Amino acid sequence: MSIKYRIWKKFAFLTQPRMIWGYKRYDGIYLKNTRISNTTFIDNPDKLKIEDHVFIGHFNYIEASNGISIKEGCQITNFISITSHSSHFSIRLYGKHYVDFESHKGYIKGSVIIGKYTFVGPHCVIMPDTIIGKGSIVVAYSNVQGRFPDFSIIKGNPAKVVGDTRNLDSKYLKQNPELKDFYNEWAEKP
């Protein structure tokens, strides 16, 4: 190995994406089983309510000015935007006059709630005023806004419910009955 490569390898951990175990929430609670990448940017962390056993991967943008709640056991993969406001309508309505106003018609604000043990695939956008029920799967490249029931398979742009994760899970639970108690522990609670 060249000297240059050995030096690079020794210090690469300082610049490369890596998962950081543990997260201290805005209210001082330490979530020891939560993992968040050093490349995920969280705007307004004081309005992000996150629970334990959450995984948030690399290169994500989480904008929580109007409140975001990520429940226990969620997996947020890579290259995902979760935002609690959007100006995409109002910027077109006002054009160059957008900067002249403090309040804008068409400006969308709303909280986001992602239910327990939900999986969000890569390259998804989750828009303001969205509730994703527990045990759901958001398929890669989906643009999600609205309300989605528990155990939804959510796909598309705009995203729609295309299936039920309980149908997928039942096959694995039948093959592995020792997991039923673990599954029911969270799935049967409201």
# chains A, B, ... in the order shown; residues from 1 in each chain; ligands from 1
$ closest_atom_pairs --of "stretch 121-180 of chain A" --to "stretch 87-108 of chain A" --cutoff "10 Å" --atoms "only C-alpha atoms" --output "Markdown table"
| residue | atom | partner | partner_atom | distance |
| --- | --- | --- | --- | --- |
| A:Met127 | CA | A:Ile108 | CA | 9.1 |
| A:Pro128 | CA | A:Ile108 | CA | 6.9 |
| A:Asp129 | CA | A:Ile108 | CA | 8.2 |
$ residues_around --residues "A:Ile113" --least-positions-apart "5" --cutoff "12 Å" --atoms "only C-alpha atoms" --output "ChimeraX atom specification"
/A:48-51,64,66-72,74,82-84,118,126-134,144-150
$ residues_around --residues "stretch 33-35 of chain A" --least-positions-apart "5" --cutoff "12 Å" --atoms "only C-alpha atoms" --output "short mmCIF file (atom, residue, chain, number, x, y, z; two decimals) with N, CA and C atoms, in the first residue's frame"
data_model
loop_
_atom_site.label_atom_id
_atom_site.label_comp_id
_atom_site.auth_asym_id
_atom_site.auth_seq_id
_atom_site.Cartn_x
_atom_site.Cartn_y
_atom_site.Cartn_z
N ARG A 18 -21.08 7.62 8.67
CA ARG A 18 -21.06 6.55 9.67
C ARG A 18 -22.28 6.69 10.56
N MET A 19 -22.68 5.58 11.12
CA MET A 19 -23.82 5.56 12.02
C MET A 19 -23.35 5.89 13.44
N ILE A 20 -24.11 6.72 14.11
CA ILE A 20 -23.79 7.11 15.48
C ILE A 20 -24.84 6.51 16.39
N TRP A 21 -24.40 5.68 17.32
CA TRP A 21 -25.30 5.03 18.28
C TRP A 21 -25.66 6.01 19.38
N GLY A 22 -26.94 6.07 19.69
CA GLY A 22 -27.42 6.92 20.77
C GLY A 22 -27.77 8.31 20.28
N TYR A 23 -28.85 8.86 20.82
CA TYR A 23 -29.31 10.19 20.43
C TYR A 23 -29.92 10.86 21.64
N LYS A 24 -29.47 12.07 21.92
CA LYS A 24 -30.04 12.83 23.03
C LYS A 24 -31.12 13.74 22.46
N ARG A 25 -32.35 13.45 22.86
CA ARG A 25 -33.51 14.18 22.37
C ARG A 25 -33.56 15.58 22.96
N THR A 40 -27.00 12.94 8.23
CA THR A 40 -28.40 13.36 8.27
C THR A 40 -28.47 14.74 8.92
N ILE A 50 -38.65 11.94 18.68
CA ILE A 50 -38.18 10.65 18.20
C ILE A 50 -38.18 9.67 19.37
N GLU A 51 -38.53 8.43 19.09
CA GLU A 51 -38.54 7.40 20.12
C GLU A 51 -37.34 6.47 19.92
N ASP A 52 -37.17 5.52 20.83
CA ASP A 52 -35.98 4.65 20.79
C ASP A 52 -36.12 3.55 19.73
N HIS A 53 -35.02 2.91 19.43
CA HIS A 53 -34.90 1.82 18.45
C HIS A 53 -35.16 2.32 17.03
N VAL A 54 -34.88 3.59 16.77
CA VAL A 54 -35.06 4.18 15.44
C VAL A 54 -33.72 4.15 14.71
N PHE A 55 -33.78 3.92 13.41
CA PHE A 55 -32.61 3.95 12.54
C PHE A 55 -32.86 5.02 11.48
N ILE A 56 -31.95 6.00 11.37
CA ILE A 56 -32.05 7.02 10.33
C ILE A 56 -30.72 7.01 9.59
N GLY A 57 -30.75 6.59 8.34
CA GLY A 57 -29.55 6.35 7.56
C GLY A 57 -28.87 7.60 7.03
N HIS A 58 -28.15 7.46 5.93
CA HIS A 58 -27.26 8.49 5.39
C HIS A 58 -27.98 9.47 4.47
N ILE A 70 -41.36 10.58 15.07
CA ILE A 70 -40.93 9.30 14.52
C ILE A 70 -41.01 8.29 15.65
N LYS A 71 -41.93 7.36 15.53
CA LYS A 71 -42.23 6.42 16.62
C LYS A 71 -41.21 5.29 16.68
N GLU A 72 -41.29 4.54 17.76
CA GLU A 72 -40.37 3.44 18.07
C GLU A 72 -40.18 2.49 16.89
N GLY A 73 -38.91 2.13 16.67
CA GLY A 73 -38.58 1.07 15.73
C GLY A 73 -38.62 1.43 14.26
N CYS A 74 -38.82 2.70 13.92
CA CYS A 74 -38.86 3.09 12.51
C CYS A 74 -37.49 2.97 11.87
N GLN A 75 -37.49 2.66 10.60
CA GLN A 75 -36.27 2.67 9.80
C GLN A 75 -36.45 3.65 8.67
N ILE A 76 -35.66 4.70 8.72
CA ILE A 76 -35.65 5.73 7.68
C ILE A 76 -34.34 5.48 6.92
N THR A 77 -34.41 5.03 5.68
CA THR A 77 -33.19 4.61 4.99
C THR A 77 -32.38 5.83 4.54
#
$ select_by_dssp --residues "stretch 25-174 of chain A" --states "strand (DSSP E)" --output "ChimeraX atom specification"
/A:30-37,41-43,48-50,55-56,61-63,68-70,75-76,81-83,85-86,108-109,112-114,119-120,125-126,130-132,137-138,143-144,147-148,152-156,159-164
$ atom_distance --atom1 "atom CA of A:His123" --atom2 "atom CA of A:Ser142"
7.4 Å
$ atom_distance --atom1 "atom CA of A:Pro17" --atom2 "atom CA of A:Val112"
26.0 Å
$ atom_distance --atom1 "atom CA of A:Ile36" --atom2 "atom CA of A:Asp181"
28.0 Å
$ closest_residue --among "A:Pro122, A:Asp43, A:Ile154, A:Lys109" --to "A:Phe79" --atoms "only C-alpha atoms"
A:Pro122
$ closest_residue --among "A:Lys174, A:Lys155, A:Lys116, A:Lys160" --to "A:Pro190" --atoms "only C-alpha atoms"
A:Lys116
$ residues_around --residues "A:Ser152" --least-positions-apart "3" --cutoff "8 Å" --atoms "only C-alpha atoms" --output "list in words"
Gly133, Gly135, Ser136, Ile137, Phe148, Pro149, Val161, Val162, Gly163, Asp164 and Thr165 of chain A
$ select_by_dssp --residues "stretch 90-134 of chain A" --states "helix (DSSP H, G or I)" --output "list in words"
Ser90, Ile91, Arg92, Leu93, Tyr94, Gly95, Lys96, His97, Tyr98, Val99 and Asp100 of chain A
$ decode --residues "stretch 30-67 of chain A" --atoms "C-alpha atoms" --output "mmCIF file, in the first residue's frame"
data_model
loop_
_atom_site.group_PDB
_atom_site.id
_atom_site.type_symbol
_atom_site.label_atom_id
_atom_site.label_comp_id
_atom_site.auth_asym_id
_atom_site.auth_seq_id
_atom_site.Cartn_x
_atom_site.Cartn_y
_atom_site.Cartn_z
ATOM 1 C CA TYR A 30 -31.056 9.720 25.854
ATOM 2 C CA LEU A 31 -32.160 7.065 23.369
ATOM 3 C CA LYS A 32 -29.374 4.481 23.558
ATOM 4 C CA ASN A 33 -30.743 2.169 20.828
ATOM 5 C CA THR A 34 -31.351 4.892 18.252
ATOM 6 C CA ARG A 35 -28.868 5.222 15.393
ATOM 7 C CA ILE A 36 -28.577 8.317 13.206
ATOM 8 C CA SER A 37 -26.031 8.927 10.446
ATOM 9 C CA ASN A 38 -23.580 11.773 10.787
ATOM 10 C CA THR A 39 -24.736 12.883 7.310
ATOM 11 C CA THR A 40 -28.403 13.365 8.273
ATOM 12 C CA PHE A 41 -29.339 17.016 8.802
ATOM 13 C CA ILE A 42 -32.051 17.788 11.360
ATOM 14 C CA ASP A 43 -33.497 21.318 11.184
ATOM 15 C CA ASN A 44 -35.408 22.413 14.322
ATOM 16 C CA PRO A 45 -34.363 19.398 16.438
ATOM 17 C CA ASP A 46 -36.373 20.807 19.340
ATOM 18 C CA LYS A 47 -39.552 19.971 17.397
ATOM 19 C CA LEU A 48 -38.500 16.444 16.432
ATOM 20 C CA LYS A 49 -40.037 13.878 18.753
ATOM 21 C CA ILE A 50 -38.180 10.653 18.197
ATOM 22 C CA GLU A 51 -38.537 7.397 20.124
ATOM 23 C CA ASP A 52 -35.983 4.648 20.788
ATOM 24 C CA HIS A 53 -34.902 1.823 18.447
ATOM 25 C CA VAL A 54 -35.060 4.181 15.443
ATOM 26 C CA PHE A 55 -32.612 3.952 12.538
ATOM 27 C CA ILE A 56 -32.047 7.022 10.329
ATOM 28 C CA GLY A 57 -29.547 6.349 7.557
ATOM 29 C CA HIS A 58 -27.263 8.491 5.391
ATOM 30 C CA PHE A 59 -27.881 11.778 3.556
ATOM 31 C CA ASN A 60 -31.358 12.629 4.896
ATOM 32 C CA TYR A 61 -32.989 16.017 5.488
ATOM 33 C CA ILE A 62 -35.490 16.309 8.342
ATOM 34 C CA GLU A 63 -37.133 19.735 8.698
ATOM 35 C CA ALA A 64 -39.274 19.741 11.854
ATOM 36 C CA SER A 65 -40.387 23.380 12.308
ATOM 37 C CA ASN A 66 -44.051 22.332 12.579
ATOM 38 C CA GLY A 67 -43.418 19.077 14.421
#
